[in-house]
>>> print(open('entry-v1.txt').read())   # compact mmCIF, C-alpha atoms and all ligand atoms
# COMPACT_ATOMS: atom_id res chain seq x y z
CA MET H 1 93.80 77.79 115.86
CA GLN H 2 95.02 79.63 112.77
CA LEU H 3 98.32 80.95 114.15
CA ALA H 4 99.31 77.98 116.32
CA GLY H 5 102.99 78.24 117.26
CA ARG H 6 103.67 81.30 115.09
CA LYS H 7 106.33 83.53 116.64
CA ILE H 8 105.40 87.19 116.54
CA VAL H 9 107.24 90.22 117.91
CA LEU H 10 104.68 92.93 118.60
CA GLY H 11 106.23 96.41 118.60
CA VAL H 12 104.15 99.10 120.30
CA THR H 13 104.97 102.79 119.86
CA GLY H 14 103.78 106.08 121.35
CA SER H 15 100.30 106.71 120.02
CA ILE H 16 96.90 106.96 121.64
CA ALA H 17 96.04 103.84 119.59
CA ALA H 18 98.49 101.89 121.80
CA TYR H 19 95.50 100.82 123.88
CA LYS H 20 94.36 98.74 120.87
CA ALA H 21 97.62 96.76 121.13
CA ALA H 22 96.18 95.04 124.22
CA HIS H 23 93.23 93.67 122.25
CA LEU H 24 95.51 92.75 119.33
CA CYS H 25 97.85 90.88 121.68
CA ARG H 26 94.89 89.00 123.13
CA LEU H 27 93.59 88.02 119.66
CA LEU H 28 97.05 86.79 118.64
CA LYS H 29 97.30 84.64 121.78
CA LYS H 30 93.77 83.33 121.25
CA GLU H 31 94.80 82.10 117.79
CA GLY H 32 97.75 80.26 119.32
CA ALA H 33 100.62 82.66 118.45
CA GLU H 34 103.64 83.14 120.71
CA VAL H 35 103.94 86.87 121.31
CA LYS H 36 106.87 88.91 122.62
CA VAL H 37 106.17 92.61 123.09
CA VAL H 38 108.73 95.37 122.57
CA MET H 39 107.62 98.89 123.52
CA THR H 40 109.08 102.33 123.19
CA THR H 41 109.30 104.46 126.33
CA SER H 42 106.60 106.78 125.02
CA ALA H 43 104.28 103.82 124.38
CA SER H 44 104.50 102.99 128.08
CA ALA H 45 102.91 106.38 128.80
CA PHE H 46 99.79 105.21 126.91
CA ILE H 47 99.58 101.58 128.07
CA THR H 48 101.36 99.82 130.92
CA PRO H 49 103.93 97.11 130.29
CA LEU H 50 102.09 95.06 132.93
CA THR H 51 98.96 94.89 130.75
CA LEU H 52 100.93 93.64 127.75
CA SER H 53 103.16 91.25 129.70
CA THR H 54 100.05 89.69 131.30
CA LEU H 55 98.30 89.33 127.94
CA SER H 56 101.38 88.05 126.06
CA ALA H 57 102.53 85.83 128.95
CA ASN H 58 106.08 87.14 128.35
CA PRO H 59 108.13 89.96 129.85
CA VAL H 60 107.72 93.25 127.96
CA LEU H 61 110.99 94.70 126.73
CA ILE H 62 111.59 98.45 126.58
CA GLU H 63 115.23 99.28 127.32
CA MET H 64 118.34 98.14 125.47
CA VAL H 65 120.02 97.47 128.81
CA LYS H 66 118.19 95.42 131.47
CA ASP H 67 120.46 96.29 134.38
CA ASP H 68 124.11 97.28 134.67
CA SER H 69 125.42 93.93 133.47
CA THR H 70 122.86 92.49 131.00
CA TRP H 71 121.18 93.73 127.86
CA ASN H 72 118.06 92.78 125.98
CA ASN H 73 119.32 90.92 122.96
CA HIS H 74 117.68 92.58 119.95
CA VAL H 75 119.47 90.27 117.49
CA GLU H 76 118.07 87.19 119.20
CA LEU H 77 114.56 88.65 119.14
CA GLY H 78 114.91 89.61 115.50
CA LEU H 79 115.97 86.06 114.61
CA TRP H 80 113.30 84.44 116.81
CA ALA H 81 110.37 86.17 115.11
CA GLU H 82 108.52 84.84 112.05
CA LEU H 83 106.78 88.20 111.79
CA MET H 84 107.50 91.58 113.33
CA LEU H 85 104.32 93.57 113.72
CA ILE H 86 104.57 97.25 114.66
CA ALA H 87 101.11 98.36 115.81
CA PRO H 88 100.54 101.18 116.35
CA ALA H 89 103.45 102.63 114.36
CA SER H 90 103.84 106.35 115.05
CA ALA H 91 105.13 108.83 112.44
CA ASN H 92 108.36 109.03 114.47
CA THR H 93 108.98 105.26 114.46
CA ILE H 94 108.10 105.02 110.76
CA ALA H 95 110.65 107.78 110.03
CA LYS H 96 113.29 105.99 112.11
CA CYS H 97 112.63 102.67 110.35
CA ALA H 98 112.85 104.35 106.94
CA HIS H 99 116.22 105.92 107.77
CA GLY H 100 117.85 103.20 109.86
CA LEU H 101 117.88 105.12 113.15
CA CYS H 102 118.39 102.94 116.15
CA ASP H 103 118.02 104.83 119.43
CA ASN H 104 115.75 102.33 121.19
CA LEU H 105 115.24 98.59 121.49
CA LEU H 106 112.26 98.51 119.09
CA ASN H 107 114.26 100.06 116.26
CA ALA H 108 117.23 97.80 117.02
CA VAL H 109 114.93 94.77 116.69
CA TYR H 110 113.52 96.22 113.44
CA LEU H 111 117.03 96.51 111.97
CA SER H 112 117.99 93.03 113.17
CA ALA H 113 114.83 91.25 112.03
CA ARG H 114 115.29 88.85 109.13
CA CYS H 115 111.59 88.07 109.07
CA PRO H 116 108.91 90.07 107.21
CA VAL H 117 107.71 93.23 108.92
CA MET H 118 104.12 94.47 109.03
CA ILE H 119 103.64 98.12 109.90
CA VAL H 120 100.32 99.56 111.05
CA PRO H 121 100.50 103.39 110.99
CA ALA H 122 98.53 105.47 113.49
CA MET H 123 98.72 109.22 113.58
CA ASP H 124 96.88 112.43 112.92
CA HIS H 125 95.53 112.99 109.40
CA ASP H 126 97.89 115.85 108.54
CA MET H 127 100.92 114.02 109.92
CA TYR H 128 100.02 111.04 107.75
CA LEU H 129 99.56 113.19 104.65
CA HIS H 130 102.81 115.13 105.16
CA PRO H 131 105.11 114.46 102.19
CA SER H 132 107.82 113.36 104.59
CA THR H 133 105.63 110.61 106.12
CA GLN H 134 104.38 109.58 102.68
CA GLN H 135 107.98 109.35 101.45
CA ASN H 136 108.98 107.30 104.50
CA ILE H 137 106.11 104.85 103.96
CA LYS H 138 107.09 104.54 100.31
CA GLU H 139 110.63 103.75 101.44
CA LEU H 140 109.41 101.04 103.82
CA LYS H 141 107.52 99.41 100.94
CA THR H 142 110.75 99.18 98.94
CA PHE H 143 112.23 97.20 101.87
CA GLY H 144 109.35 94.76 101.38
CA ASN H 145 107.59 95.88 104.60
CA LEU H 146 103.83 95.36 104.54
CA ILE H 147 101.79 98.45 105.37
CA VAL H 148 98.35 97.85 106.84
CA GLY H 149 96.00 100.84 106.79
CA PRO H 150 95.63 103.44 108.10
CA ALA H 151 91.85 103.59 108.20
CA ASN H 152 89.68 106.62 107.65
CA GLY H 153 87.61 107.93 110.57
CA ASP H 154 87.56 109.93 113.80
CA LEU H 155 90.97 110.81 115.20
CA ALA H 156 92.04 111.60 118.76
CA SER H 157 92.89 115.14 117.62
CA GLY H 158 89.20 115.74 116.95
CA LEU H 159 89.82 115.71 113.21
CA THR H 160 88.35 113.15 110.86
CA GLY H 161 90.35 111.53 108.09
CA GLU H 162 93.00 108.99 107.20
CA GLY H 163 95.39 108.12 110.02
CA ARG H 164 93.38 105.89 112.37
CA MET H 165 95.03 102.61 113.27
CA GLU H 166 93.31 99.63 111.61
CA GLU H 167 91.10 97.71 114.02
CA PRO H 168 92.73 94.64 115.63
CA GLU H 169 90.25 92.27 113.90
CA SER H 170 91.24 93.65 110.49
CA ILE H 171 94.97 93.41 111.38
CA MET H 172 94.39 89.75 112.35
CA GLN H 173 92.94 89.12 108.89
CA HIS H 174 96.07 90.60 107.30
CA ILE H 175 98.30 88.44 109.52
CA GLN H 176 96.37 85.30 108.65
CA ASN H 177 96.52 86.13 104.93
CA PHE H 178 100.22 86.82 105.30
CA PHE H 179 100.95 83.37 106.78
CA ASN H 180 98.64 81.64 104.29
CA HIS H 181 100.27 83.41 101.34
CA ALA H 182 103.92 83.38 102.43
CA SER H 183 104.48 79.73 101.52
CA GLN H 184 102.52 79.55 98.26
CA LEU H 185 105.58 79.98 96.00
CA LYS H 186 108.28 78.97 98.47
CA GLY H 187 111.34 77.59 96.68
CA LYS H 188 110.11 78.79 93.26
CA ARG H 189 112.29 81.06 91.13
CA VAL H 190 110.41 83.74 89.27
CA LEU H 191 111.59 86.15 86.60
CA VAL H 192 109.76 89.43 86.01
CA SER H 193 110.59 92.02 83.34
CA ALA H 194 109.38 95.59 83.73
CA GLY H 195 109.57 99.10 82.35
CA PRO H 196 110.53 100.48 78.95
CA THR H 197 113.77 100.10 77.07
CA HIS H 198 115.91 102.94 75.69
CA GLU H 199 117.19 102.48 72.16
CA HIS H 200 120.05 104.90 71.65
CA ILE H 201 120.23 107.05 68.54
CA ASP H 202 123.36 108.81 69.80
CA PRO H 203 124.78 109.60 73.29
CA VAL H 204 122.00 112.15 74.00
CA ARG H 205 118.93 110.78 72.22
CA TYR H 206 116.92 107.60 72.36
CA ILE H 207 113.65 105.93 71.25
CA SER H 208 111.39 104.70 74.03
CA ASN H 209 107.77 104.50 75.22
CA HIS H 210 105.63 105.70 78.14
CA SER H 211 105.98 102.60 80.36
CA SER H 212 106.68 103.53 84.02
CA GLY H 213 107.49 100.01 85.25
CA LYS H 214 104.85 100.25 88.02
CA MET H 215 102.88 97.15 86.94
CA GLY H 216 105.96 94.92 86.78
CA PHE H 217 107.31 96.22 90.11
CA ALA H 218 103.93 95.53 91.76
CA ILE H 219 103.90 91.98 90.34
CA ALA H 220 107.45 91.32 91.54
CA ASP H 221 106.57 92.59 95.02
CA GLU H 222 103.45 90.42 95.20
CA LEU H 223 105.40 87.34 94.08
CA ALA H 224 107.95 87.96 96.84
CA ARG H 225 105.08 88.10 99.36
CA ARG H 226 104.02 84.64 98.20
CA GLY H 227 107.49 83.32 99.09
CA ALA H 228 109.04 83.26 95.59
CA GLU H 229 112.68 84.06 94.88
CA VAL H 230 112.20 86.96 92.49
CA THR H 231 114.55 88.41 89.88
CA LEU H 232 113.28 91.71 88.50
CA ILE H 233 114.88 92.84 85.24
CA ALA H 234 113.85 96.42 84.57
CA GLY H 235 114.52 99.04 81.96
CA PRO H 236 115.17 102.70 82.91
CA ASN H 237 112.59 103.92 85.45
CA ASN H 238 112.06 106.44 88.24
CA LEU H 239 110.83 103.98 90.86
CA SER H 240 112.65 103.22 94.14
CA LYS H 241 114.71 100.09 93.70
CA PRO H 242 113.28 97.23 95.77
CA SER H 243 115.88 95.88 98.18
CA HIS H 244 114.01 92.65 98.97
CA LEU H 245 114.37 91.20 95.47
CA HIS H 246 117.21 90.50 93.06
CA TYR H 247 117.14 93.62 90.87
CA ILE H 248 118.90 93.90 87.51
CA GLY H 249 118.74 97.26 85.74
CA VAL H 250 119.12 97.30 81.94
CA GLU H 251 118.94 99.92 79.18
CA SER H 252 118.14 98.54 75.74
CA ALA H 253 116.06 95.67 74.32
CA HIS H 254 119.37 93.97 73.56
CA ASP H 255 120.51 94.23 77.22
CA MET H 256 117.11 93.04 78.42
CA HIS H 257 117.28 90.08 76.06
CA ASP H 258 120.72 89.07 77.38
CA ALA H 259 119.69 89.42 81.03
CA CYS H 260 116.37 87.60 80.56
CA MET H 261 117.79 84.69 78.56
CA LYS H 262 120.44 84.16 81.27
CA GLU H 263 117.78 83.96 84.00
CA PHE H 264 115.04 82.17 82.04
CA PRO H 265 116.45 78.61 82.14
CA LYS H 266 116.63 78.83 85.97
CA SER H 267 113.09 80.20 86.35
CA ASP H 268 109.98 78.19 87.19
CA ILE H 269 107.73 81.10 86.23
CA SER H 270 108.47 84.09 83.95
CA ILE H 271 106.28 87.15 83.62
CA MET H 272 107.25 89.56 80.89
CA SER H 273 105.52 92.83 81.61
CA ALA H 274 108.23 95.04 80.07
CA ALA H 275 107.30 97.27 77.16
CA VAL H 276 110.28 96.27 75.05
CA ALA H 277 110.98 98.44 72.00
CA ASP H 278 110.13 96.61 68.78
CA PHE H 279 112.68 98.63 66.78
CA THR H 280 116.13 100.01 67.43
CA PRO H 281 118.35 102.31 65.35
CA GLU H 282 120.47 100.40 62.87
CA ILE H 283 123.45 102.45 64.02
CA SER H 284 123.89 104.15 67.39
CA ALA H 285 126.20 107.10 66.70
CA ASN H 286 129.23 107.51 69.00
CA GLN H 287 128.95 111.29 68.93
CA LYS H 288 125.92 113.56 69.05
CA ILE H 289 124.40 113.85 65.56
CA LYS H 290 124.70 117.53 64.69
CA LYS H 291 121.85 119.48 63.21
CA ALA H 292 122.48 119.57 59.48
CA PRO H 293 120.43 119.75 56.34
CA GLY H 294 119.53 116.28 55.12
CA VAL H 295 119.42 114.43 58.48
CA ASN H 296 115.76 113.52 58.26
CA SER H 297 115.51 109.80 58.81
CA ILE H 298 116.83 107.10 61.14
CA GLN H 299 117.26 103.57 59.83
CA LEU H 300 115.63 101.09 62.19
CA LYS H 301 116.01 97.33 62.61
CA ASP H 302 113.83 94.85 64.55
CA THR H 303 114.74 93.93 68.12
CA VAL H 304 114.62 90.32 69.23
CA ASP H 305 111.23 89.34 70.63
CA ILE H 306 112.35 88.09 74.05
CA LEU H 307 109.01 86.56 74.93
CA SER H 308 108.87 84.59 71.67
CA GLU H 309 112.40 83.29 72.27
CA MET H 310 111.30 82.12 75.72
CA GLY H 311 108.16 80.54 74.28
CA LYS H 312 110.35 78.49 71.90
CA ALA H 313 112.79 77.45 74.63
CA LYS H 314 110.13 76.76 77.29
CA LYS H 315 110.32 73.39 79.09
CA ALA H 316 107.19 71.52 80.16
CA LYS H 317 107.41 72.57 83.82
CA GLN H 318 107.95 76.27 83.11
CA LEU H 319 105.07 78.74 83.13
CA LEU H 320 105.30 81.72 80.79
CA VAL H 321 103.15 84.85 81.07
CA GLY H 322 103.08 87.71 78.58
CA PHE H 323 101.43 91.12 78.38
CA ALA H 324 99.57 92.75 75.53
CA LEU H 325 98.87 96.45 75.53
CA GLU H 326 96.46 97.13 72.70
CA THR H 327 94.63 100.09 71.28
CA GLU H 328 91.88 98.12 69.44
CA ASP H 329 90.50 94.54 69.27
CA ALA H 330 92.33 93.75 72.51
CA ILE H 331 90.99 90.21 73.08
CA LYS H 332 91.59 89.13 69.48
CA HIS H 333 95.18 90.48 69.49
CA GLY H 334 95.79 89.07 72.99
CA MET H 335 94.68 85.59 71.96
CA ASP H 336 96.81 85.77 68.87
CA LYS H 337 99.91 86.72 70.93
CA LEU H 338 99.18 83.94 73.45
CA GLN H 339 99.29 81.33 70.68
CA ARG H 340 102.03 82.91 68.56
CA LYS H 341 104.41 83.26 71.52
CA ASN H 342 103.51 79.88 73.11
CA LEU H 343 102.34 81.40 76.42
CA ASP H 344 100.39 79.88 79.31
CA LEU H 345 98.69 83.14 80.18
CA ILE H 346 98.40 86.62 78.70
CA VAL H 347 97.48 89.81 80.52
CA VAL H 348 95.59 92.05 78.15
CA ASN H 349 95.02 95.75 78.76
CA THR H 350 93.80 98.34 76.35
CA LEU H 351 94.21 102.08 76.10
CA GLU H 352 90.51 102.12 75.14
CA ASP H 353 89.78 101.68 78.89
CA GLU H 354 90.18 104.83 80.96
CA GLY H 355 92.69 104.35 83.80
CA ALA H 356 94.39 101.38 82.10
CA GLY H 357 97.87 101.02 80.64
CA PHE H 358 101.02 103.12 81.07
CA GLY H 359 102.04 105.49 83.82
CA GLY H 360 99.06 105.66 86.18
CA ASP H 361 98.45 103.83 89.44
CA THR H 362 95.49 101.82 88.13
CA ASN H 363 94.92 99.20 85.48
CA LYS H 364 92.05 97.22 84.00
CA ILE H 365 93.02 93.79 82.75
CA THR H 366 91.63 90.70 81.08
CA LEU H 367 93.39 87.36 81.57
CA ILE H 368 93.36 84.74 78.83
CA ASP H 369 94.79 81.26 79.41
CA LYS H 370 95.80 78.48 77.01
CA GLN H 371 92.33 76.94 77.21
CA LYS H 372 90.99 80.31 75.98
CA ASN H 373 89.29 81.00 79.32
CA ILE H 374 88.73 84.75 79.48
CA THR H 375 88.50 86.49 82.88
CA ARG H 376 87.72 90.20 82.98
CA PHE H 377 88.58 92.36 85.99
CA ASP H 378 87.39 95.80 87.06
CA LEU H 379 89.56 98.91 87.16
CA LYS H 380 91.79 98.49 90.25
CA SER H 381 95.02 99.82 91.76
CA LYS H 382 98.13 98.21 90.24
CA THR H 383 98.79 96.53 93.64
CA GLU H 384 95.40 94.83 93.48
CA VAL H 385 95.85 93.97 89.81
CA ALA H 386 99.20 92.35 90.70
CA ARG H 387 97.38 90.26 93.35
CA ASP H 388 94.81 89.07 90.77
CA ILE H 389 97.54 88.16 88.28
CA VAL H 390 99.60 86.29 90.88
CA ASN H 391 96.51 84.41 92.15
CA GLU H 392 95.84 83.19 88.61
CA ILE H 393 99.50 82.25 88.08
CA ILE H 394 99.49 80.16 91.30
CA HIS H 395 96.24 78.53 90.21
CA LEU H 396 97.71 77.60 86.80
CA TYR H 397 101.05 76.52 88.24
CA ASN H 398 99.38 74.12 90.67
CA ALA H 399 96.83 72.80 88.15
N1 LIG U 401 108.04 91.54 74.15
C1 LIG U 401 109.31 91.03 74.27
N2 LIG U 401 110.29 91.44 73.40
C2 LIG U 401 110.02 92.33 72.44
C3 LIG U 401 108.73 92.85 72.32
C4 LIG U 401 107.75 92.43 73.18
O1 LIG U 401 109.55 90.21 75.15
N3 LIG U 401 111.00 92.70 71.63
C5 LIG U 401 107.00 91.06 75.07
C6 LIG U 401 106.47 92.07 76.05
O2 LIG U 401 107.20 92.05 77.25
C7 LIG U 401 105.03 91.62 76.27
C8 LIG U 401 104.68 90.97 74.95
O3 LIG U 401 105.90 90.67 74.29
O4 LIG U 401 104.94 90.64 77.26
C9 LIG U 401 103.78 91.74 74.05
O5 LIG U 401 104.39 92.88 73.59
P1 LIG U 401 103.74 93.74 72.42
O6 LIG U 401 104.67 94.84 72.08
O7 LIG U 401 102.34 94.09 72.79
O8 LIG U 401 103.63 92.63 71.30
P2 LIG U 401 104.27 92.52 69.91
O9 LIG U 401 104.52 91.07 69.68
O10 LIG U 401 105.42 93.44 69.77
O11 LIG U 401 103.07 92.92 68.96
P3 LIG U 401 102.59 94.36 68.43
O12 LIG U 401 103.63 95.36 68.79
O13 LIG U 401 102.44 94.14 66.97
O14 LIG U 401 101.27 94.61 69.10
>>> encode(input="entry-v1.txt", output="structure tokens", more="lines below")
Ligand code: CTP
Amino acid sequence: MQLAGRKIVLGVTGSIAAYKAAHLCRLLKKEGAEVKVVMTTSASAFITPLTLSTLSANPVLIEMVKDDSTWNNHVELGLWAELMLIAPASANTIAKCAHGLCDNLLNAVYLSARCPVMIVPAMDHDMYLHPSTQQNIKELKTFGNLIVGPANGDLASGLTGEGRMEEPESIMQHIQNFFNHASQLKGKRVLVSAGPTHEHIDPVRYISNHSSGKMGFAIADELARRGAEVTLIAGPNNLSKPSHLHYIGVESAHDMHDACMKEFPKSDISIMSAAVADFTPEISANQKIKKAPGVNSIQLKDTVDILSEMGKAKKAKQLLVGFALETEDAIKHGMDKLQRKNLDLIVVNTLEDEGAGFGGDTNKITLIDKQKNITRFDLKSKTEVARDIVNEIIHLYNA
């Protein structure tokens, strides 16, 4: 049994898909999990507590207060669980989770839970696509919550589209992957750099590049899912700050160098995905440089190559991964950087490939390791690319 002894709190909210929670509960029990169900009042209009208490072999909890003198201890439940699964998760519950509202037992358990949370949305297509729901789901991701689905298909409203709750069998697969993955990097400290740097010319101007930080953030998130203790050092970016990792925000290549070199000796694995500026102004003016005839050049000096410094200082047990964004001869330049900077692995992407590189939500990468093994991947979302990179890192680390 794949989930033998695993402690799972199953949260069920008010959605027509609540009937699927019965099957899900049964599958969890069949795989040996201990299940405690928490429902909202509106969920009990779709499926009876008796069905779920029979299937889970535990009382179903709905109210904060049991009777006049006792209450259902949400803190205890939150600490008991190894995974909190909210399936189906209505738009209302998702909004409450995103904003910390706590007007029922389920949301109190959510706020008290120290374990990972998996959220399985179920709602009408338009409700799912509403910017407010999309924003709330984005927010949940920054808390480290796993979002499963929704699927595309027929909806209870009669419409067809995204919003259908994932099928219980598919959710089970996600749960099994979650438990298999969660211990892969347990106890390992990982450093990730992300984003651009800003090199100040004066208080209002700077030199930078088009990096959004998305690739590095996705890698950091994936590493946390594998159980690693992640420090993410990021240059200026517009992404929501992840609250489930140790986040250090920096400005310039100099700041990034200081922050990275402080963390590097403590790190088992370091992944430098930041697009660090190679040059910085010789002098950063204290006051805005006024428009005047003759101001037509800025003296630049080299920045420190952080990755090279790490490559020189690297101890035998440390794994070092670099990135190479190229515009031509990507594999040749990537291999050269791998050797020159003493790396264990390099992630090569090229602006010659459509959908790869800065800014977008997709990337197309090639991995090259020290043995010169070259693995090419298709164009994928940055989340999937992060998964491929982390799989390879775990493979190399354990080799
Ligand atoms: N990098 C770094 N510090 C720098 C510049 C780059 O740590 N000052 C790291 C990046 O984080 C990335 C890798 O080095 O992992 C490759 O960066 P890139 O700019 O492509 O390589 P360079 O060595 O600067 O080579 P070039 O600009 O000539 O392509």
>>> residues_near_ligand(input="entry-v1.txt", ligand="ligand LIG 401 (chain U)", cutoff="6 Å", atoms="all atoms listed in the file", output="PDB file with C-alpha atoms, in the coordinates of the input")
ATOM      1  CA  MET H 272     107.250  89.560  80.890  1.00  0.00           C
ATOM      2  CA  SER H 273     105.520  92.830  81.610  1.00  0.00           C
ATOM      3  CA  ALA H 274     108.230  95.040  80.070  1.00  0.00           C
ATOM      4  CA  ALA H 275     107.300  97.270  77.160  1.00  0.00           C
ATOM      5  CA  VAL H 276     110.280  96.270  75.050  1.00  0.00           C
ATOM      6  CA  ALA H 277     110.980  98.440  72.000  1.00  0.00           C
ATOM      7  CA  ASP H 278     110.130  96.610  68.780  1.00  0.00           C
ATOM      8  CA  THR H 303     114.740  93.930  68.120  1.00  0.00           C
ATOM      9  CA  VAL H 304     114.620  90.320  69.230  1.00  0.00           C
ATOM     10  CA  ASP H 305     111.230  89.340  70.630  1.00  0.00           C
ATOM     11  CA  ILE H 306     112.350  88.090  74.050  1.00  0.00           C
ATOM     12  CA  LEU H 307     109.010  86.560  74.930  1.00  0.00           C
ATOM     13  CA  GLY H 322     103.080  87.710  78.580  1.00  0.00           C
ATOM     14  CA  PHE H 323     101.430  91.120  78.380  1.00  0.00           C
ATOM     15  CA  ALA H 324      99.570  92.750  75.530  1.00  0.00           C
ATOM     16  CA  LEU H 325      98.870  96.450  75.530  1.00  0.00           C
TER      17      LEU H 325
END
>>> atom_distance(input="entry-v1.txt", atom1="atom CA of His74 of chain H", atom2="atom CA of Thr54 of chain H")
21.2 Å
>>> atom_distance(input="entry-v1.txt", atom1="atom CA of Met84 of chain H", atom2="atom CA of Ile119 of chain H")
8.3 Å
>>> residues_around(input="entry-v1.txt", residues="segment 98-115 of chain H", least_positions_apart="4", cutoff="8 Å", atoms="all atoms listed in the file", output="MDAnalysis selection string")
chainID H and resid 11 38:40 61:64 72 74:75 77:79 81:84 93:94 136:137 139:140
>>> residues_near_point(input="entry-v1.txt", point="(96.9, 87.2, 107.3)", cutoff="12 Å", atoms="only C-alpha atoms", output="JSON, numbers by chain")
{"H": [2, 3, 6, 28, 31, 83, 85, 118, 146, 148, 168, 169, 170, 171, 172, 173, 174, 175, 176, 177, 178, 179, 180, 181, 182, 225, 226]}
>>> residues_around(input="entry-v1.txt", residues="Gly360 of chain H", least_positions_apart="5", cutoff="9 Å", atoms="all atoms listed in the file", output="NGL selection string")
:H and (212 or 214 or 355 or 382)
>>> write_last_selection(input="entry-v1.txt", atoms="C-alpha atoms", output="PDB file, in the coordinates of the input")
ATOM      1  CA  SER H 212     106.680 103.530  84.020  1.00  0.00           C
ATOM      2  CA  LYS H 214     104.850 100.250  88.020  1.00  0.00           C
ATOM      3  CA  GLY H 355      92.690 104.350  83.800  1.00  0.00           C
ATOM      4  CA  LYS H 382      98.130  98.210  90.240  1.00  0.00           C
TER       5      LYS H 382
END
>>> residues_around(input="entry-v1.txt", residues="Phe217 of chain H", least_positions_apart="2", cutoff="12 Å", atoms="only C-alpha atoms", output="VMD selection string")
chain H and resid 141 to 142 144 191 to 195 211 to 215 219 to 224 230 to 235 237 to 247 271 to 274 361 382 to 383 385 to 386
>>> residues_near_point(input="entry-v1.txt", point="(91.9, 80.9, 74.6)", cutoff="10 Å", atoms="all atoms listed in the file", output="JSON, numbers by chain")
{"H": [331, 332, 334, 335, 336, 338, 339, 344, 345, 346, 367, 368, 369, 370, 371, 372, 373, 374]}
>>> closest_residue(input="entry-v1.txt", among="H:Lys66, H:Ser53, H:Thr197, H:Val12", to="Thr41 of chain H", atoms="all atoms listed in the file")
H:Val12
>>> atom_distance(input="entry-v1.txt", atom1="atom CA of Gly227 of chain H", atom2="atom CA of Leu319 of chain H")
16.8 Å
>>> residues_around(input="entry-v1.txt", residues="Ile201 of chain H", least_positions_apart="3", cutoff="8 Å", atoms="only C-alpha atoms", output="ChimeraX atom specification")
/H:204-207,281,283-285
>>> closest_residue(input="entry-v1.txt", among="H:Arg340, H:Ser56, H:Gln135, H:Met123", to="Gly161 of chain H", atoms="only C-alpha atoms")
H:Met123
>>> closest_residue(input="entry-v1.txt", among="H:Ala151, H:Ala91, H:Leu396, H:Ala156", to="Met127 of chain H", atoms="all atoms listed in the file")
H:Ala91
>>> closest_residue(input="entry-v1.txt", among="H:Lys20, H:Arg189, H:Lys96, H:His210", to="Gly359 of chain H", atoms="only C-alpha atoms")
H:His210
>>> decode(input="entry-v1.txt", residues="segment 286-295 of chain H", atoms="N, CA, C and O atoms", output="short mmCIF file (atom, residue, chain, number, x, y, z; two decimals), in the first residue's frame")
data_model
loop_
_atom_site.label_atom_id
_atom_site.label_comp_id
_atom_site.auth_asym_id
_atom_site.auth_seq_id
_atom_site.Cartn_x
_atom_site.Cartn_y
_atom_site.Cartn_z
N ASN H 286 25.98 60.38 -7.15
CA ASN H 286 25.08 60.57 -6.00
C ASN H 286 23.84 61.37 -6.37
O ASN H 286 22.79 61.22 -5.77
N GLN H 287 23.99 62.24 -7.36
CA GLN H 287 22.86 63.06 -7.81
C GLN H 287 22.56 62.73 -9.27
O GLN H 287 23.44 62.24 -9.98
N LYS H 288 21.34 63.02 -9.68
CA LYS H 288 20.96 62.77 -11.07
C LYS H 288 21.91 63.52 -12.02
O LYS H 288 22.17 64.72 -11.81
N ILE H 289 22.41 62.81 -13.02
CA ILE H 289 23.31 63.46 -13.99
C ILE H 289 22.45 64.34 -14.90
O ILE H 289 21.51 63.84 -15.55
N LYS H 290 22.71 65.61 -14.91
CA LYS H 290 21.88 66.54 -15.68
C LYS H 290 22.25 66.49 -17.16
O LYS H 290 23.40 66.21 -17.51
N LYS H 291 21.22 66.73 -17.96
CA LYS H 291 21.46 66.78 -19.40
C LYS H 291 22.41 67.95 -19.71
O LYS H 291 22.15 69.07 -19.26
N ALA H 292 23.50 67.64 -20.37
CA ALA H 292 24.46 68.71 -20.66
C ALA H 292 25.28 68.30 -21.86
O ALA H 292 25.49 67.11 -22.07
N PRO H 293 25.71 69.24 -22.63
CA PRO H 293 26.53 68.86 -23.79
C PRO H 293 27.79 68.15 -23.31
O PRO H 293 28.36 68.51 -22.29
N GLY H 294 28.14 67.09 -23.97
CA GLY H 294 29.40 66.41 -23.63
C GLY H 294 29.21 65.16 -22.78
O GLY H 294 30.14 64.38 -22.64
N VAL H 295 28.02 64.95 -22.17
CA VAL H 295 27.81 63.71 -21.40
C VAL H 295 27.37 62.65 -22.40
O VAL H 295 26.20 62.53 -22.73
#
